[in-house]
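S.K.: Provided herewith: coords-v9.tsv, TSV, C-alpha atoms and all ligand atoms.
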```tsv
chain	number	residue	atom	x	y	z
Y	21	MET	CA	0.00	0.00	0.00
Y	22	ILE	CA	1.30	3.48	-0.84
Y	23	PRO	CA	0.40	5.45	2.32
Y	24	ILE	CA	-1.16	8.91	2.12
Y	25	SER	CA	1.60	10.21	4.38
Y	26	LYS	CA	4.62	8.95	6.26
Y	27	PRO	CA	6.81	10.97	8.64
Y	28	ASP	CA	10.34	11.39	7.25
Y	29	ILE	CA	12.21	10.28	10.40
Y	30	GLY	CA	15.87	9.40	9.92
Y	31	GLU	CA	18.92	8.69	12.05
Y	32	ASP	CA	19.43	12.40	12.78
Y	33	GLU	CA	16.02	12.66	14.42
Y	34	ILE	CA	16.63	9.46	16.41
Y	35	ARG	CA	20.02	10.73	17.63
Y	36	ALA	CA	18.56	14.14	18.56
Y	37	VAL	CA	15.78	12.56	20.63
Y	38	GLU	CA	18.22	10.13	22.24
Y	39	ALA	CA	20.49	13.01	23.24
Y	40	VAL	CA	17.60	14.76	24.99
Y	41	LEU	CA	16.60	11.56	26.77
Y	42	ARG	CA	20.19	11.06	27.95
Y	43	SER	CA	20.57	14.70	29.03
Y	44	GLY	CA	18.02	14.49	31.83
Y	45	TYR	CA	16.23	17.66	30.59
Y	46	ILE	CA	13.26	16.04	28.94
Y	47	VAL	CA	10.53	18.60	29.52
Y	48	GLN	CA	10.56	22.23	28.43
Y	49	HIS	CA	14.16	23.47	28.45
Y	50	ASN	CA	16.80	24.69	25.99
Y	51	LYS	CA	15.68	22.64	22.97
Y	52	THR	CA	12.20	24.13	23.12
Y	53	LYS	CA	13.67	27.66	23.27
Y	54	GLU	CA	15.97	26.87	20.35
Y	55	PHE	CA	13.10	25.44	18.29
Y	56	GLU	CA	10.97	28.52	19.02
Y	57	LYS	CA	13.78	30.79	17.87
Y	58	GLU	CA	14.62	28.80	14.74
Y	59	PHE	CA	11.06	28.21	13.57
Y	60	SER	CA	9.92	31.82	14.14
Y	61	SER	CA	12.95	33.08	12.27
Y	62	TYR	CA	12.28	30.63	9.40
Y	63	ILE	CA	8.71	31.95	9.04
Y	64	GLY	CA	9.79	35.55	9.62
Y	65	THR	CA	8.31	36.59	12.95
Y	66	LYS	CA	9.94	37.86	16.15
Y	67	TYR	CA	8.56	35.36	18.65
Y	68	GLY	CA	7.62	31.69	18.78
Y	69	ILE	CA	5.71	30.04	21.64
Y	70	ALA	CA	5.77	26.25	21.35
Y	71	THR	CA	2.75	24.27	22.52
Y	72	SER	CA	1.67	20.68	23.02
Y	73	SER	CA	-0.46	20.70	19.83
Y	74	GLY	CA	-1.78	22.88	17.05
Y	75	THR	CA	-5.17	22.89	18.76
Y	76	ALA	CA	-3.55	24.24	21.94
Y	77	ALA	CA	-1.83	26.94	19.85
Y	78	LEU	CA	-5.21	28.06	18.43
Y	79	MET	CA	-6.81	28.05	21.87
Y	80	ILE	CA	-4.15	30.19	23.54
Y	81	ALA	CA	-4.00	32.51	20.51
Y	82	LEU	CA	-7.71	33.36	20.87
Y	83	GLU	CA	-7.49	33.66	24.64
Y	84	SER	CA	-4.44	35.91	24.54
Y	85	LEU	CA	-6.40	38.37	22.39
Y	86	GLY	CA	-9.19	38.46	24.98
Y	87	ILE	CA	-11.78	36.68	22.84
Y	88	LYS	CA	-14.65	35.54	25.02
Y	89	GLU	CA	-18.35	34.80	25.32
Y	90	GLY	CA	-20.46	37.30	23.37
Y	91	ASP	CA	-17.77	37.77	20.68
Y	92	GLU	CA	-17.82	36.41	17.15
Y	93	VAL	CA	-14.90	35.00	15.19
Y	94	ILE	CA	-15.16	34.56	11.43
Y	95	THR	CA	-13.62	31.47	9.92
Y	96	THR	CA	-13.90	29.08	7.00
Y	97	SER	CA	-16.63	26.48	6.74
Y	98	PHE	CA	-14.25	23.91	5.25
Y	99	THR	CA	-11.49	22.90	7.67
Y	100	PHE	CA	-10.46	20.48	10.38
Y	101	VAL	CA	-12.66	20.53	13.46
Y	102	ALA	CA	-9.95	22.07	15.67
Y	103	THR	CA	-10.28	25.46	13.97
Y	104	GLY	CA	-13.90	25.88	15.06
Y	105	ASN	CA	-13.51	24.11	18.39
Y	106	ALA	CA	-10.79	26.53	19.51
Y	107	ILE	CA	-13.32	29.34	18.99
Y	108	LEU	CA	-16.05	27.44	20.88
Y	109	TYR	CA	-13.73	26.87	23.84
Y	110	THR	CA	-13.44	30.65	24.40
Y	111	GLY	CA	-17.25	30.92	24.54
Y	112	ALA	CA	-17.26	33.01	21.35
Y	113	LYS	CA	-19.45	32.15	18.34
Y	114	PRO	CA	-17.82	30.79	15.17
Y	115	VAL	CA	-19.24	32.52	12.09
Y	116	PHE	CA	-18.67	30.42	8.99
Y	117	VAL	CA	-17.91	31.75	5.51
Y	118	ASP	CA	-18.23	29.74	2.31
Y	119	ILE	CA	-15.18	28.85	0.22
Y	120	ASP	CA	-13.82	29.59	-3.23
Y	121	PRO	CA	-14.38	26.26	-5.05
Y	122	ARG	CA	-11.06	26.58	-6.89
Y	123	THR	CA	-8.75	27.19	-3.92
Y	124	PHE	CA	-10.83	25.52	-1.16
Y	125	ASN	CA	-10.05	28.54	1.03
Y	126	MET	CA	-12.43	31.03	2.62
Y	127	ASP	CA	-13.95	33.26	-0.07
Y	128	VAL	CA	-12.78	36.67	1.07
Y	129	ASP	CA	-15.41	38.42	-1.08
Y	130	LEU	CA	-18.17	36.81	1.02
Y	131	LEU	CA	-16.55	37.74	4.28
Y	132	GLU	CA	-17.49	41.37	4.83
Y	133	GLU	CA	-21.21	40.68	4.94
Y	134	ARG	CA	-20.59	38.42	7.98
Y	135	ILE	CA	-18.93	41.17	10.03
Y	136	THR	CA	-21.08	42.49	12.88
Y	137	GLU	CA	-20.37	44.71	15.87
Y	138	LYS	CA	-19.61	41.53	17.83
Y	139	THR	CA	-16.88	40.39	15.43
Y	140	LYS	CA	-13.46	40.46	17.08
Y	141	ALA	CA	-11.24	38.38	14.80
Y	142	ILE	CA	-10.91	36.62	11.48
Y	143	MET	CA	-9.27	33.21	11.46
Y	144	PRO	CA	-8.41	32.05	7.92
Y	145	VAL	CA	-7.02	28.56	7.31
Y	146	HIS	CA	-4.38	27.93	4.63
Y	147	LEU	CA	-6.06	24.68	3.65
Y	148	TYR	CA	-3.93	21.86	2.19
Y	149	GLY	CA	-0.96	24.27	2.45
Y	150	GLN	CA	-2.32	26.82	0.01
Y	151	PRO	CA	-2.21	30.39	1.34
Y	152	CYS	CA	-5.41	32.41	1.64
Y	153	GLU	CA	-5.92	35.76	-0.07
Y	154	MET	CA	-3.81	37.56	2.54
Y	155	LYS	CA	-3.66	41.05	1.04
Y	156	LYS	CA	-7.46	41.40	1.07
Y	157	LEU	CA	-7.69	39.81	4.51
Y	158	GLU	CA	-5.14	42.21	5.97
Y	159	LYS	CA	-7.08	45.17	4.55
Y	160	ILE	CA	-10.44	43.94	5.89
Y	161	CYS	CA	-8.92	43.38	9.35
Y	162	HIS	CA	-7.24	46.77	9.30
Y	163	ASP	CA	-10.36	48.65	8.10
Y	164	ASN	CA	-12.64	46.94	10.64
Y	165	ARG	CA	-10.11	46.85	13.52
Y	166	LEU	CA	-10.22	43.07	13.78
Y	167	PHE	CA	-7.51	40.66	14.86
Y	168	LEU	CA	-6.10	38.37	12.20
Y	169	ILE	CA	-5.21	34.86	13.40
Y	170	GLU	CA	-3.78	32.54	10.77
Y	171	ASP	CA	-4.47	28.84	11.15
Y	172	ALA	CA	-1.27	27.77	9.40
Y	173	ALA	CA	-1.42	24.19	10.72
Y	174	GLN	CA	-0.92	22.83	7.19
Y	175	ALA	CA	1.22	25.57	5.66
Y	176	HIS	CA	4.85	25.24	6.81
Y	177	GLY	CA	6.90	27.04	4.16
Y	178	ALA	CA	3.97	28.12	1.93
Y	179	GLU	CA	4.30	31.62	0.46
Y	180	TYR	CA	2.06	34.51	-0.57
Y	181	ASP	CA	3.76	37.27	-2.61
Y	182	GLY	CA	7.11	35.80	-1.56
Y	183	LYS	CA	6.27	36.10	2.15
Y	184	LYS	CA	5.73	33.03	4.31
Y	185	ALA	CA	2.24	32.01	5.41
Y	186	GLY	CA	2.23	32.51	9.16
Y	187	SER	CA	3.97	35.90	9.00
Y	188	PHE	CA	0.84	37.99	8.28
Y	189	GLY	CA	-1.43	37.68	11.31
Y	190	ASP	CA	-1.38	39.22	14.78
Y	191	ILE	CA	-0.78	35.58	15.67
Y	192	SER	CA	-0.32	32.51	13.51
Y	193	CYS	CA	-0.67	28.92	14.67
Y	194	PHE	CA	1.13	25.85	13.37
Y	195	SER	CA	0.70	22.13	14.04
Y	196	PHE	CA	3.54	19.62	14.01
Y	197	TYR	CA	1.32	16.54	14.20
Y	198	ALA	CA	2.68	13.30	12.73
Y	199	THR	CA	1.21	13.83	9.24
Y	200	LYS	CA	2.31	17.45	8.83
Y	201	ASN	CA	5.14	18.78	6.60
Y	202	LEU	CA	7.24	19.27	9.76
Y	203	VAL	CA	6.72	16.66	12.46
Y	204	THR	CA	7.32	16.63	16.22
Y	205	ALA	CA	4.84	13.73	16.80
Y	206	GLU	CA	2.41	16.05	18.62
Y	207	GLY	CA	3.15	19.75	18.90
Y	208	GLY	CA	2.32	23.24	17.76
Y	209	MET	CA	3.50	26.84	17.87
Y	210	CYS	CA	2.10	30.36	18.00
Y	211	LEU	CA	4.08	33.05	16.20
Y	212	THR	CA	3.76	36.79	16.72
Y	213	ASP	CA	5.66	40.06	16.33
Y	214	SER	CA	4.13	41.61	19.45
Y	215	GLU	CA	6.03	41.34	22.73
Y	216	GLU	CA	2.83	41.98	24.68
Y	217	ILE	CA	1.03	39.11	22.95
Y	218	GLU	CA	4.09	36.89	23.35
Y	219	ASN	CA	4.07	37.42	27.13
Y	220	LYS	CA	0.38	36.57	27.35
Y	221	LEU	CA	0.82	33.46	25.22
Y	222	ARG	CA	3.67	32.24	27.44
Y	223	MET	CA	1.56	32.76	30.56
Y	224	ILE	CA	-1.55	31.06	29.19
Y	225	ARG	CA	0.54	28.12	27.99
Y	226	ASP	CA	1.86	27.60	31.50
Y	227	HIS	CA	-0.86	27.87	34.17
Y	228	GLY	CA	-1.09	31.66	33.88
Y	229	GLN	CA	2.34	31.88	35.50
Y	230	SER	CA	4.09	35.29	35.29
Y	231	GLU	CA	6.96	34.28	37.54
Y	232	ARG	CA	7.71	31.08	39.40
Y	233	TYR	CA	4.58	30.05	41.34
Y	234	VAL	CA	2.81	33.36	40.75
Y	235	HIS	CA	-0.34	32.68	38.71
Y	236	GLN	CA	-2.16	35.63	37.19
Y	237	MET	CA	-5.09	33.84	35.59
Y	238	LEU	CA	-6.83	30.53	35.09
Y	239	ALA	CA	-4.91	28.79	32.29
Y	240	TYR	CA	-3.55	25.53	30.99
Y	241	ASN	CA	-0.52	23.31	30.76
Y	242	PHE	CA	0.01	23.33	26.99
Y	243	ARG	CA	3.84	23.11	27.07
Y	244	MET	CA	5.94	21.35	24.44
Y	245	THR	CA	8.62	18.94	25.66
Y	246	ASP	CA	12.30	19.08	24.67
Y	247	ILE	CA	11.87	15.63	23.12
Y	248	ASN	CA	9.39	17.08	20.60
Y	249	ALA	CA	11.49	20.22	20.11
Y	250	ALA	CA	14.65	18.21	19.35
Y	251	LEU	CA	12.72	16.34	16.67
Y	252	GLY	CA	11.40	19.63	15.29
Y	253	LEU	CA	14.86	21.19	15.05
Y	254	VAL	CA	16.12	18.37	12.84
Y	255	GLN	CA	12.94	18.41	10.76
Y	256	LEU	CA	13.24	22.17	10.25
Y	257	LYS	CA	16.65	21.73	8.64
Y	258	LYS	CA	15.05	19.32	6.14
Y	259	LEU	CA	11.82	21.23	5.63
Y	260	ASP	CA	12.71	23.06	2.41
Y	261	ALA	CA	14.07	19.89	0.81
Y	262	MET	CA	10.99	17.90	1.86
Y	263	ASN	CA	8.71	20.66	0.53
Y	264	GLU	CA	10.60	20.70	-2.78
Y	265	LYS	CA	9.91	16.99	-3.16
Y	266	ARG	CA	6.24	17.62	-2.48
Y	267	ALA	CA	6.19	20.41	-5.08
Y	268	LYS	CA	7.90	18.18	-7.63
Y	269	ASN	CA	5.39	15.37	-7.03
Y	270	ALA	CA	2.50	17.84	-7.28
Y	271	GLU	CA	3.81	19.30	-10.52
Y	272	CYS	CA	4.15	15.83	-12.00
Y	273	PHE	CA	0.56	14.90	-11.01
Y	274	THR	CA	-0.88	18.08	-12.50
Y	275	LYS	CA	1.07	17.64	-15.72
Y	276	HIS	CA	-0.18	14.10	-16.22
Y	277	LEU	CA	-3.75	14.44	-14.95
Y	278	LYS	CA	-4.99	17.84	-16.04
Y	279	ASP	CA	-6.40	16.61	-19.37
Y	280	LEU	CA	-8.88	14.25	-17.65
Y	281	ASN	CA	-12.34	15.78	-17.86
Y	282	TRP	CA	-13.86	13.86	-14.93
Y	283	LEU	CA	-11.53	15.42	-12.35
Y	284	GLU	CA	-10.03	18.80	-11.46
Y	285	THR	CA	-6.43	19.26	-10.40
Y	286	PRO	CA	-5.52	21.88	-7.76
Y	287	PHE	CA	-5.46	25.54	-8.74
Y	288	ILE	CA	-2.67	27.67	-7.25
Y	289	PRO	CA	-2.75	31.42	-8.03
Y	290	GLU	CA	0.45	32.86	-9.57
Y	291	ASN	CA	1.48	34.84	-6.49
Y	292	MET	CA	1.28	31.83	-4.18
Y	293	GLN	CA	3.41	28.81	-3.39
Y	294	SER	CA	1.63	25.92	-1.70
Y	295	SER	CA	3.42	23.80	0.90
Y	296	TRP	CA	1.55	20.88	-0.74
Y	297	HIS	CA	0.48	19.46	2.58
Y	298	GLN	CA	-2.20	17.74	0.52
Y	299	TYR	CA	-2.66	17.27	-3.21
Y	300	THR	CA	-6.43	17.33	-3.52
Y	301	LEU	CA	-8.42	16.39	-6.59
Y	302	LYS	CA	-12.07	17.09	-7.22
Y	303	ILE	CA	-13.76	14.01	-8.62
Y	304	LEU	CA	-16.72	15.16	-10.70
Y	305	GLU	CA	-19.90	13.47	-11.97
Y	306	GLY	CA	-20.65	11.87	-8.55
Y	307	LYS	CA	-17.93	9.27	-9.05
Y	308	ARG	CA	-15.94	9.85	-5.87
Y	309	ASP	CA	-16.88	6.66	-4.01
Y	310	GLU	CA	-16.13	4.56	-7.08
Y	311	PHE	CA	-12.81	6.37	-7.52
Y	312	LEU	CA	-11.86	5.74	-3.89
Y	313	GLY	CA	-12.71	2.05	-4.28
Y	314	HIS	CA	-10.54	1.87	-7.40
Y	315	MET	CA	-7.57	3.47	-5.61
Y	316	THR	CA	-7.91	1.17	-2.58
Y	317	GLU	CA	-8.11	-1.91	-4.84
Y	318	ASN	CA	-4.84	-0.74	-6.36
Y	319	ASN	CA	-3.17	-0.29	-2.97
Y	320	ILE	CA	-3.05	3.49	-2.98
Y	321	GLN	CA	-4.27	5.10	0.22
Y	322	CYS	CA	-6.36	8.23	-0.38
Y	323	ASN	CA	-8.28	10.31	2.15
Y	324	ILE	CA	-11.11	12.78	2.22
Y	325	TYR	CA	-10.26	16.05	3.91
Y	326	TYR	CA	-13.03	16.79	4.87
Y	327	PRO	CA	-16.19	14.78	4.18
Y	328	ILE	CA	-18.45	17.16	6.17
Y	329	PRO	CA	-18.33	20.97	6.28
Y	330	LEU	CA	-17.38	21.95	9.80
Y	331	TYR	CA	-20.74	23.47	10.75
Y	332	LEU	CA	-22.55	20.21	9.83
Y	333	GLN	CA	-20.53	18.11	12.29
Y	334	PRO	CA	-22.86	16.82	15.03
Y	335	VAL	CA	-21.24	19.07	17.63
Y	336	TYR	CA	-22.14	22.13	15.51
Y	337	ARG	CA	-25.58	20.89	14.42
Y	338	ASN	CA	-26.37	20.60	18.13
Y	339	LEU	CA	-25.64	24.32	18.40
Y	340	GLY	CA	-28.15	25.12	15.65
Y	341	TYR	CA	-26.02	25.35	12.47
Y	342	LYS	CA	-27.90	23.92	9.48
Y	343	GLU	CA	-27.58	22.73	5.89
Y	344	GLY	CA	-27.58	25.45	3.25
Y	345	LEU	CA	-25.33	27.88	5.16
Y	346	CYS	CA	-22.33	27.42	2.82
Y	347	PRO	CA	-23.47	25.61	-0.36
Y	348	ILE	CA	-20.06	25.49	-2.00
Y	349	SER	CA	-18.46	23.78	0.99
Y	350	GLU	CA	-21.37	21.33	1.00
Y	351	ARG	CA	-20.80	20.48	-2.68
Y	352	VAL	CA	-17.00	20.38	-2.54
Y	353	SER	CA	-16.98	18.13	0.54
Y	354	LYS	CA	-18.64	15.50	-1.70
Y	355	GLU	CA	-15.99	15.86	-4.44
Y	356	VAL	CA	-12.56	16.12	-2.78
Y	357	VAL	CA	-10.03	13.32	-2.57
Y	358	SER	CA	-6.42	13.77	-1.43
Y	359	ILE	CA	-3.83	11.47	-2.95
Y	360	PRO	CA	-0.33	10.76	-1.54
Y	361	VAL	CA	2.09	13.62	-2.35
Y	362	GLY	CA	4.70	13.54	0.44
Y	363	PRO	CA	8.46	13.11	0.23
Y	364	HIS	CA	8.01	9.39	0.96
Y	365	LEU	CA	6.96	8.76	-2.67
Y	366	THR	CA	9.48	7.21	-5.04
Y	367	GLU	CA	9.46	8.01	-8.75
Y	368	ILE	CA	7.85	4.63	-9.32
Y	369	ASP	CA	5.14	5.46	-6.77
Y	370	THR	CA	4.22	8.68	-8.59
Y	371	LYS	CA	4.06	6.81	-11.88
Y	372	VAL	CA	1.88	4.07	-10.35
Y	373	ILE	CA	-0.44	6.71	-8.88
Y	374	ILE	CA	-0.77	8.50	-12.23
Y	375	ASP	CA	-1.35	5.28	-14.18
Y	376	THR	CA	-3.91	4.06	-11.66
Y	377	ILE	CA	-5.85	7.32	-11.84
Y	378	ARG	CA	-5.74	7.35	-15.63
Y	379	ASN	CA	-7.01	3.76	-15.70
Y	380	PHE	CA	-10.15	4.70	-13.76
Y	381	LYS	CA	-13.23	4.55	-16.04
Y	401	LIG	C1	-6.32	23.25	9.76
Y	401	LIG	C2	-5.93	22.63	11.08
Y	401	LIG	N1	-6.09	23.36	12.19
Y	401	LIG	C3	-5.73	22.87	13.40
Y	401	LIG	C4	-5.20	21.61	13.54
Y	401	LIG	C5	-4.90	21.08	14.91
Y	401	LIG	O1	-3.59	20.66	15.09
Y	401	LIG	P1	-3.24	19.46	16.09
Y	401	LIG	O2	-3.71	18.20	15.48
Y	401	LIG	O3	-1.75	19.54	16.21
Y	401	LIG	O4	-3.92	19.76	17.37
Y	401	LIG	C6	-5.00	20.83	12.41
Y	401	LIG	C7	-4.41	19.50	12.52
Y	401	LIG	O5	-4.71	18.56	11.91
Y	401	LIG	C8	-5.39	21.35	11.13
Y	401	LIG	O6	-5.24	20.64	10.01
```
I'd like the structure from this file rewritten - as structure tokens, please.
M.R.:
Amino acid sequence: MIPISKPDIGEDEIRAVEAVLRSGYIVQHNKTKEFEKEFSSYIGTKYGIATSSGTAALMIALESLGIKEGDEVITTSFTFVATGNAILYTGAKPVFVDIDPRTFNMDVDLLEERITEKTKAIMPVHLYGQPCEMKKLEKICHDNRLFLIEDAAQAHGAEYDGKKAGSFGDISCFSFYATKNLVTAEGGMCLTDSEEIENKLRMIRDHGQSERYVHQMLAYNFRMTDINAALGLVQLKKLDAMNEKRAKNAECFTKHLKDLNWLETPFIPENMQSSWHQYTLKILEGKRDEFLGHMTENNIQCNIYYPIPLYLQPVYRNLGYKEGLCPISERVSKEVVSIPVGPHLTEIDTKVIIDTIRNFK
């Protein structure tokens, strides 16, 4: 079976983790600080605050900006559940915007009509590693005095106008979960240029602690360990090379699949560079289930990210969100299929994937 993803863990990662284990400093210590410094400088922000997961990063980002019950946060209707749940945890209301069917990202032109006097922040997601329309988003946030929080969980190294995704928002949030472009097993990070926000994020990550055993507020333990950070430091050195392999695989798929009229290959605007976290096809004519069956029969693992628009998940339906809110997300969620694109693919694998897709029908 060709897996949809596989973490690229080599001897360097194993040695780095072993060294931490042997050092005796296994929780948050120097490696975490080093990883925060290196990753924030790679993306192009002043500060990095490492967390235990991407979800934790989103939660402390919203809290640090004072978002609370009675507020509204605008986000995309087509994303992983963590994006919306982080908003729910603050007590604020997630307000969902439909997507652009070509990019799968929040349609910025539909966004302004969702702004109310309760809106405090906009949280775009760079889905599949493709940056959102950041110039327009920055302007809307600036004009309406709203915070911009980037959910960059899938976008390590992606670029918009030559600038890295994750360097635009008041805060951006990354995930380093096992399937991501950069892996620490579990882990995440908030990035910011504001010292004031940085201090709040550090406190909220660590029991609201401002100095040893002085706790200013009710907060969490969302710390990253040095074991994860050591892994992340090695992965960061390889990130550009791993992303180049992804881009090469993606280019090869598009070249050899774009003539097929029963599917659509991904569309990346000229001024953007995807991190190719996923290579996602749209399977047209209602053939997706058949297509998935064909791929599985041929030992190629594919996945659907995401089969249900976020607001139609049971947890959101129970809050009163209903069908018809974002029709494009509802349609696209029935068409998308992600195929393997990671650096684990050999040249033979990419050829097998292309041939198998072309043999469908
Ligand atoms: C868009 C998005 N946001 C948030 C998260 C949450 O990250 P984590 O799984 O590290 O908590 C993920 C992870 O899958 C994600 O894809």
S.K.: Report as a PyMOL selection string all protein, DNA and RNA residues lying within 9 Å of Thr96 of chain Y, evaluated on all atoms listed in the file, omitting residues in the same chain fewer than 4 positions from it.
M.R.: chain Y and resi 103-104+115-119+125-127+143-145+330
S.K.: Keeping C-alpha atoms, export the residues of the selection given above as a PDB file, in the frame of the given file.
M.R.:
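Written file, result35.pdb:
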```
ATOM      1  CA  THR Y 103     -10.280  25.460  13.970  1.00  0.00           C
ATOM      2  CA  GLY Y 104     -13.900  25.880  15.060  1.00  0.00           C
ATOM      3  CA  VAL Y 115     -19.240  32.520  12.090  1.00  0.00           C
ATOM      4  CA  PHE Y 116     -18.670  30.420   8.990  1.00  0.00           C
ATOM      5  CA  VAL Y 117     -17.910  31.750   5.510  1.00  0.00           C
ATOM      6  CA  ASP Y 118     -18.230  29.740   2.310  1.00  0.00           C
ATOM      7  CA  ILE Y 119     -15.180  28.850   0.220  1.00  0.00           C
ATOM      8  CA  ASN Y 125     -10.050  28.540   1.030  1.00  0.00           C
ATOM      9  CA  MET Y 126     -12.430  31.030   2.620  1.00  0.00           C
ATOM     10  CA  ASP Y 127     -13.950  33.260  -0.070  1.00  0.00           C
ATOM     11  CA  MET Y 143      -9.270  33.210  11.460  1.00  0.00           C
ATOM     12  CA  PRO Y 144      -8.410  32.050   7.920  1.00  0.00           C
ATOM     13  CA  VAL Y 145      -7.020  28.560   7.310  1.00  0.00           C
ATOM     14  CA  LEU Y 330     -17.380  21.950   9.800  1.00  0.00           C
TER      15      LEU Y 330
END
```
S.K.: Looking at Y:Pro27, Y:Gly74, Y:Pro327, Y:Gly86, which one is nearest to ligand LIG 401 (chain Y), with distances taken over only C-alpha atoms and all ligand atoms?
M.R.: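 Closest to ligand LIG 401 (chain Y), using only C-alpha atoms and all ligand atoms: Y:Gly74.
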S.K.: I'd like the contact shell of Thr139 of chain Y - 10 Å cut-off, all atoms listed in the file, skipping same-chain residues fewer than 2 positions apart - returned as a list in words.
M.R.: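 So, after excluding close chain neighbours, the residues are Ile87, Gly90, Asp91, Glu92, Val93, Ile94, Ala112, Lys113, Pro114, Val115, Arg134, Ile135, Thr136, Glu137, Ala141, Ile142, Asn164, Arg165, Leu166 and Phe167 of chain Y.
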S.K.: Could you list the protein, DNA and RNA residues that have any atom within 10 Å of ligand LIG 401 (chain Y), counting only C-alpha atoms and all ligand atoms, and write them as a PyMOL selection string?
M.R.: chain Y and resi 71-79+96+98-106+144-149+170-175+193-200+203-209+297+325
S.K.: Using only C-alpha atoms, which protein or nucleic acid residues come within 12 Å of Glu218 of chain Y? Drop anything in the same chain fewer than 2 positions from it, and give the result as a VMD selection string.
M.R.: chain Y and resid 56 65 to 70 80 to 81 84 to 85 190 to 192 209 to 216 220 to 225
S.K.: What is the atom CA of Ser358 of chain Y-atom CA of Gly64 of chain Y distance in Å, reported with one decimal?
M.R.: 29.3 Å
S.K.: Let me make sure I understand: among Y:Tyr109, Y:Pro329, Y:Glu133, Y:Pro23, which one has the smallest atom-to-atom distance to Ile348 of chain Y if we use only C-alpha atoms?
M.R.: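 Between Y:Tyr109, Y:Pro329, Y:Glu133, Y:Pro23, the residue approaching Ile348 of chain Y most closely is Y:Pro329.
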S.K.: Name all residues at most 8 Å from Thr370 of chain Y (count only C-alpha atoms; drop same-chain ones fewer than 4 positions away) and give them as a compact mmCIF listing (two decimals) with C-alpha atoms, keeping the file's coordinate frame.
M.R.:
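After the write, result30.txt holds the following:
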```
# COMPACT_ATOMS: atom_id res chain seq x y z
CA ASN Y 269 5.39 15.37 -7.03
CA CYS Y 272 4.15 15.83 -12.00
CA PHE Y 273 0.56 14.90 -11.01
CA LEU Y 365 6.96 8.76 -2.67
CA THR Y 366 9.48 7.21 -5.04
CA ILE Y 374 -0.77 8.50 -12.23
```
S.K.: In Å to one decimal, how far is atom CA of Gly182 of chain Y from atom CA of Gln255 of chain Y?
M.R.: 22.1 Å
S.K.: Quote the spacing between atom CA of Met292 of chain Y and atom CA of Val372 of chain Y in Å to one decimal place.
M.R.: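 Rounded to one decimal, the two atoms are 28.4 Å apart.
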S.K.: Write out as a list in words the residues lying within 10 Å of Arg351 of chain Y, counting only C-alpha atoms and excluding same-chain residues fewer than 5 positions away.
M.R.: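 In the requested format, the answer is Pro121, Ile328, Pro329, Cys346 and Val356 of chain Y.
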S.K.: Those residues with C-alpha atoms, as a compact mmCIF listing (two decimals), in the coordinates of the input please?
M.R.:
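Saved file part-v8.txt follows:
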```
# COMPACT_ATOMS: atom_id res chain seq x y z
CA PRO Y 121 -14.38 26.26 -5.05
CA ILE Y 328 -18.45 17.16 6.17
CA PRO Y 329 -18.33 20.97 6.28
CA CYS Y 346 -22.33 27.42 2.82
CA VAL Y 356 -12.56 16.12 -2.78
```
S.K.: List as a list in words: which residues have an atom within 7 Å of (-3.6, 4.7, 3.3), counting only C-alpha atoms?
M.R.: Met21, Ile22, Pro23, Ile24, Ile320, Gln321 and Cys322 of chain Y
S.K.: Pick from Y:Lys268, Y:Lys278, Y:Arg243, Y:Arg308: nearest to Lys53 of chain Y, with only C-alpha atoms counted?
M.R.: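 Checking each of Y:Lys268, Y:Lys278, Y:Arg243, Y:Arg308 against Lys53 of chain Y, counting only C-alpha atoms, the winner is Y:Arg243.
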S.K.: Which residue gives the smallest distance to Ile217 of chain Y among Y:Leu82, Y:Leu312, Y:Val254, Y:Ile34, with only C-alpha atoms counted?
M.R.: Y:Leu82
S.K.: Measuring atom to atom with only C-alpha atoms, identify which of Y:Leu238, Y:Leu280, Y:Val361, Y:Val37 is nearest to Lys265 of chain Y.
M.R.: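 So, comparing all the options, the nearest one is Y:Val361.
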S.K.: Which one of Y:Leu345, Y:Ile160, Y:Leu108, Y:Leu168 sits closest to Leu131 of chain Y if you count all atoms listed in the file?
M.R.: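 Closest to Leu131 of chain Y, using all atoms listed in the file: Y:Ile160.
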